[in-house]
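What follows is a single structure, written as structure tokens, with notes after it.
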Amino acid sequence: MVAETFLPQINGVANTARHVADRLRARGHELLIIAPGPGPDSYADVPVIRARSFRTPGYKEFPVGLPDPSIERAMADFDPDLVHLASPFIIGAYGLRAARRLGLPTVAIFQTDIAGFARQYPWFAAADRGIWRWVRRTHSRADRTLAPSTASVEALVQGGVPRVHLWGRGVNLDLFDPGHRDDNWRREISPDGKPIVGYVGRLAAEKKVRRLAELTDLDCRIVVVGDGPDRASLEHSLPSATFLGMRRGADLASIFAGLDVFVHTGEHETFCQTIQEAQASGVATVGPAAGGPLDLIHPGENGLLFEPGRPGSLRQAVKTLLDHPTARGRMAAGGLERVQSRTWPAVVDDLVDRHYAEVLREAAAVRRVA
């Protein structure tokens with residue numbers, strides 16, 4: 001596995017790679033992970049090769065891997081049956097090149113709308129078209145690209161990427177559960193018993209967290225969980241909100257379960273894992289009518305969608321849920337029911353038994369013809 005980011009970083013790509021690694025180990029597969037440094041040189045009993053890296057403005061906590069000859073040497077020594085590329089961009093693109101030279105089949109996971117994110121930062125905005133061309137070129141060379149949502153599959157296909165398939169994401173149902181609701185925490189956040197509306201995620205430009213300002217006149221308490229470069233300015237612009245910083249594990253699960261409404265504000269999500277985590281926690285969800293959330297939220301059944309380009313749309317969606325607690329409860333139950341089959345073991349088994357297996361069969365057929 002060549003991962004564009006991995007532990008100790010906490011983000012969607014690293015978390016997905018970790019869950020894939022866990023299930024591969026549980027099924028008895030041998031695994032080698034190649035990722036940017038610095039970081040531990042092993043994960044459980046899996047060796048982790050750390051490639052050279054640098055840090056970028058706005059995302060200094062995430063090391064970006066550099067092309068490194070040690071990557072190809074490590075792959076050649078390990079001699080895998082298949083190379084899994086987790087959100088390939090720089091180190092992943094180099095890993096793909098090395099795999100092709102070694103004659104190894106590849107599965108590339110499209111997980112981050114890097115071009116969309118770039119448009120939110122002045123120093124990267126002019127490069128968005130070049131970034132997209134690079135992403136298209138990289139994924140076009142993989143034997144199979146897996147995208148996490150219908151919208152991202154369509155975007156890749158329309159952009160000219162071949163061999164694109166849908167592969168979603170799992171959710172940890174042991175961790176995220178309505179039973180973790182803590183009434184003491186709710187009383188601390190909302191002493192007067194007002195409903196609690198929460199956002200969980202990175203506090204950065206592409207997440208559009210400033211949209212929460214639309215909710216400040218509603219009869220609710222706003223909770224923001226996460227950290228990032230925009231935290232100070234968000235605290236200034238949302239003085240009535242409670243900022244809890246980065247939370248993980250059981251602490252995060254308790255916060256999710258304690259919400260009445262979960263809101264995701266950004267429209268550049270290829271999937272949006274936090275919506276699934278909120279649904280698993282028994283919470284009604286509101287997300288943008290764009291990208292991954294279109295697959296996760298069925299309006300009126302398990303939450304509501306808002307139009308990112310229409311001012312007041314987010315406020316109206318949240319207000320509807322706050323004003324109709326019976327409907328809110330029904331949508332929360334609908335979301336909980338939806339995710340019951342989306343466990344990480346089930347999702348990774350689909351990756352191995354369907355996508356890996358088909359790519360390996362296709363590679364074997366090509367070798368027989370050759």
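Going by the structure tokens order, chains are called A, B, ..., each with residues numbered from 1, while ligands are numbered from 1 in the order shown.
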Find the residues around Asp182 in chain A up to 9 Å (only C-alpha atoms counted), leave out those fewer than 6 positions away in its own chain, and share them as a ChimeraX atom specification. /A:254-255,257-258
File of the preceding selection, N, CA and C atoms, as a PDB file, in the first residue's frame:
ATOM      1  N   SER A 254     -19.099  10.261  21.871  1.00  0.00           N
ATOM      2  CA  SER A 254     -20.061  10.809  22.829  1.00  0.00           C
ATOM      3  C   SER A 254     -20.598  12.156  22.355  1.00  0.00           C
ATOM      4  N   ILE A 255     -19.721  12.983  21.757  1.00  0.00           N
ATOM      5  CA  ILE A 255     -20.162  14.276  21.238  1.00  0.00           C
ATOM      6  C   ILE A 255     -21.148  14.084  20.086  1.00  0.00           C
ATOM      7  N   ALA A 257     -23.112  11.561  19.489  1.00  0.00           N
ATOM      8  CA  ALA A 257     -24.385  11.041  19.995  1.00  0.00           C
ATOM      9  C   ALA A 257     -25.170  12.096  20.770  1.00  0.00           C
ATOM     10  N   GLY A 258     -24.471  13.119  21.286  1.00  0.00           N
ATOM     11  CA  GLY A 258     -25.124  14.160  22.060  1.00  0.00           C
ATOM     12  C   GLY A 258     -25.729  15.269  21.229  1.00  0.00           C
TER      13      GLY A 258
END
Go through range 177-364 of chain A and collect every residue that DSSP, computed from the backbone, puts in helix (DSSP H, G or I); the answer should be as a ChimeraX atom specification. /A:178-180,183-189,205-207,209-215,231-237,249-258,273-280,293-296,313-323,325-341,344-364
Taking into account only C-alpha atoms, which residue in the set A:His264, A:Leu85, A:Asp79, A:Arg55 is nearest to Ala35 in chain A?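 With only C-alpha atoms as the atom set, the closest residue is A:Leu85.
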Which of A:Val171, A:Pro311, A:Leu296, A:Gly201 sits closest to Ala213 in chain A [using only C-alpha atoms]: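 The answer is A:Pro311, which sits nearest to Ala213 in chain A.
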Considering only strand (DSSP E) as DSSP defines it on the backbone, what residues of range 213-297 of chain A qualify? List them as a list in words.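 Secondary structure check on range 213-297 of chain A, strand (DSSP E): Arg221, Ile222, Val223, Val224, Val225, Thr242, Phe243, Leu244, Gly245, Val261, Phe262, Val263, Ala284, Thr285, Val286, Gly287 and Pro288 of chain A.
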Those same residues, written as a PDB file, in the first residue's frame with C-alpha atoms?
ATOM      1  CA  ARG A 221     -26.533  25.892  20.656  1.00  0.00           C
ATOM      2  CA  ILE A 222     -23.748  25.534  18.077  1.00  0.00           C
ATOM      3  CA  VAL A 223     -20.808  23.214  18.745  1.00  0.00           C
ATOM      4  CA  VAL A 224     -17.694  23.078  16.542  1.00  0.00           C
ATOM      5  CA  VAL A 225     -15.349  20.095  16.870  1.00  0.00           C
ATOM      6  CA  THR A 242     -18.624  26.453  21.545  1.00  0.00           C
ATOM      7  CA  PHE A 243     -15.288  25.322  20.088  1.00  0.00           C
ATOM      8  CA  LEU A 244     -14.121  21.994  21.504  1.00  0.00           C
ATOM      9  CA  GLY A 245     -10.927  21.471  19.493  1.00  0.00           C
ATOM     10  CA  VAL A 261     -28.560  17.921  14.382  1.00  0.00           C
ATOM     11  CA  PHE A 262     -25.253  17.383  12.586  1.00  0.00           C
ATOM     12  CA  VAL A 263     -24.252  19.849   9.855  1.00  0.00           C
ATOM     13  CA  ALA A 284     -30.349  13.740  11.868  1.00  0.00           C
ATOM     14  CA  THR A 285     -27.963  15.199   9.304  1.00  0.00           C
ATOM     15  CA  VAL A 286     -27.791  18.252   7.040  1.00  0.00           C
ATOM     16  CA  GLY A 287     -25.286  18.406   4.184  1.00  0.00           C
ATOM     17  CA  PRO A 288     -24.677  20.192   0.887  1.00  0.00           C
TER      18      PRO A 288
END
From the list A:Ser53, A:Thr270, A:Ser240, A:Ser140, which residue is nearest Ile189 in chain A when using only C-alpha atoms? A:Ser240
Would you kindly return, as a PyMOL selection string, each protein, DNA or RNA residue with an atom no farther than 10 Å from any atom of range 106-108 of chain A, considering only C-alpha atoms and excluding same-chain residues fewer than 2 positions away? chain A and resi 1-2+81-88+92-93+95-96+99-100+103-104+110-111+138-147+164+351+355-356+359-360+363
Could those residues be written to a file, using N, CA and C atoms, as a compact mmCIF listing (two decimals), in the first residue's frame?
# COMPACT_ATOMS: atom_id res chain seq x y z
N MET A 1 0.85 -1.19 0.00
CA MET A 1 0.00 0.00 0.00
C MET A 1 0.89 1.25 0.00
N VAL A 2 0.67 2.12 -0.98
CA VAL A 2 1.35 3.41 -1.02
C VAL A 2 0.30 4.45 -0.66
N ASP A 81 1.49 -9.02 -4.80
CA ASP A 81 0.61 -9.42 -5.90
C ASP A 81 -0.10 -8.21 -6.50
N LEU A 82 -0.30 -7.18 -5.67
CA LEU A 82 -1.05 -6.01 -6.11
C LEU A 82 -0.60 -4.79 -5.30
N VAL A 83 -0.68 -3.61 -5.92
CA VAL A 83 -0.32 -2.36 -5.24
C VAL A 83 -1.58 -1.52 -5.07
N HIS A 84 -1.86 -1.17 -3.81
CA HIS A 84 -3.01 -0.33 -3.45
C HIS A 84 -2.50 1.10 -3.29
N LEU A 85 -3.05 2.03 -4.06
CA LEU A 85 -2.60 3.42 -4.03
C LEU A 85 -3.68 4.26 -3.35
N ALA A 86 -3.39 4.73 -2.14
CA ALA A 86 -4.36 5.48 -1.34
C ALA A 86 -4.27 6.96 -1.66
N SER A 87 -5.23 7.44 -2.46
CA SER A 87 -5.32 8.84 -2.86
C SER A 87 -4.03 9.33 -3.52
N PRO A 88 -3.59 8.68 -4.59
CA PRO A 88 -2.29 9.01 -5.19
C PRO A 88 -2.25 10.43 -5.76
N GLY A 92 2.12 8.76 -4.31
CA GLY A 92 1.31 7.71 -4.92
C GLY A 92 1.55 7.61 -6.41
N ALA A 93 1.72 8.77 -7.08
CA ALA A 93 2.01 8.74 -8.51
C ALA A 93 3.36 8.08 -8.77
N GLY A 95 4.67 5.83 -6.77
CA GLY A 95 4.44 4.42 -6.50
C GLY A 95 3.78 3.72 -7.67
N LEU A 96 2.86 4.42 -8.36
CA LEU A 96 2.22 3.85 -9.54
C LEU A 96 3.24 3.63 -10.65
N ALA A 99 5.27 0.62 -9.77
CA ALA A 99 4.50 -0.61 -9.95
C ALA A 99 4.43 -1.00 -11.42
N ARG A 100 4.23 -0.02 -12.29
CA ARG A 100 4.17 -0.31 -13.72
C ARG A 100 5.50 -0.84 -14.23
N GLY A 103 5.78 -4.37 -13.26
CA GLY A 103 4.76 -5.25 -13.80
C GLY A 103 3.71 -5.67 -12.78
N LEU A 104 3.41 -4.78 -11.82
CA LEU A 104 2.47 -5.10 -10.75
C LEU A 104 1.12 -4.44 -11.01
N PHE A 110 -9.50 7.08 -5.37
CA PHE A 110 -9.72 8.52 -5.48
C PHE A 110 -10.50 8.96 -4.25
N GLN A 111 -9.92 9.84 -3.45
CA GLN A 111 -10.56 10.18 -2.19
C GLN A 111 -10.60 11.67 -1.91
N THR A 138 -2.66 10.48 -13.61
CA THR A 138 -2.27 9.44 -12.65
C THR A 138 -3.29 8.31 -12.63
N HIS A 139 -4.57 8.67 -12.46
CA HIS A 139 -5.59 7.63 -12.35
C HIS A 139 -5.81 6.89 -13.66
N SER A 140 -5.57 7.54 -14.77
CA SER A 140 -5.73 6.87 -16.06
C SER A 140 -4.72 5.75 -16.25
N ARG A 141 -3.62 5.79 -15.52
CA ARG A 141 -2.59 4.76 -15.65
C ARG A 141 -2.77 3.60 -14.69
N ALA A 142 -3.70 3.74 -13.76
CA ALA A 142 -3.96 2.64 -12.83
C ALA A 142 -4.85 1.60 -13.51
N ASP A 143 -4.76 0.36 -13.07
CA ASP A 143 -5.60 -0.70 -13.64
C ASP A 143 -7.06 -0.50 -13.26
N ARG A 144 -7.31 0.08 -12.11
CA ARG A 144 -8.68 0.38 -11.69
C ARG A 144 -8.65 1.54 -10.71
N THR A 145 -9.58 2.48 -10.88
CA THR A 145 -9.76 3.57 -9.93
C THR A 145 -11.08 3.36 -9.19
N LEU A 146 -11.04 3.50 -7.88
CA LEU A 146 -12.23 3.37 -7.05
C LEU A 146 -12.57 4.73 -6.46
N ALA A 147 -13.78 5.20 -6.74
CA ALA A 147 -14.24 6.49 -6.23
C ALA A 147 -15.35 6.24 -5.20
N VAL A 164 -13.25 3.34 -13.97
CA VAL A 164 -13.65 3.89 -12.66
C VAL A 164 -14.82 3.07 -12.12
N LEU A 351 -13.85 -4.70 -1.26
CA LEU A 351 -12.64 -4.26 -1.95
C LEU A 351 -11.78 -5.45 -2.37
N HIS A 355 -13.02 -6.06 -6.16
CA HIS A 355 -12.13 -5.19 -6.94
C HIS A 355 -10.71 -5.76 -7.07
N TYR A 356 -10.10 -6.14 -5.96
CA TYR A 356 -8.78 -6.76 -6.06
C TYR A 356 -8.83 -8.00 -6.94
N VAL A 359 -9.17 -7.24 -10.70
CA VAL A 359 -7.94 -6.68 -11.26
C VAL A 359 -6.88 -7.78 -11.40
N LEU A 360 -6.78 -8.66 -10.42
CA LEU A 360 -5.80 -9.75 -10.49
C LEU A 360 -6.15 -10.72 -11.63
N ALA A 363 -5.18 -9.02 -14.86
CA ALA A 363 -3.73 -9.02 -15.04
C ALA A 363 -3.23 -10.40 -15.46
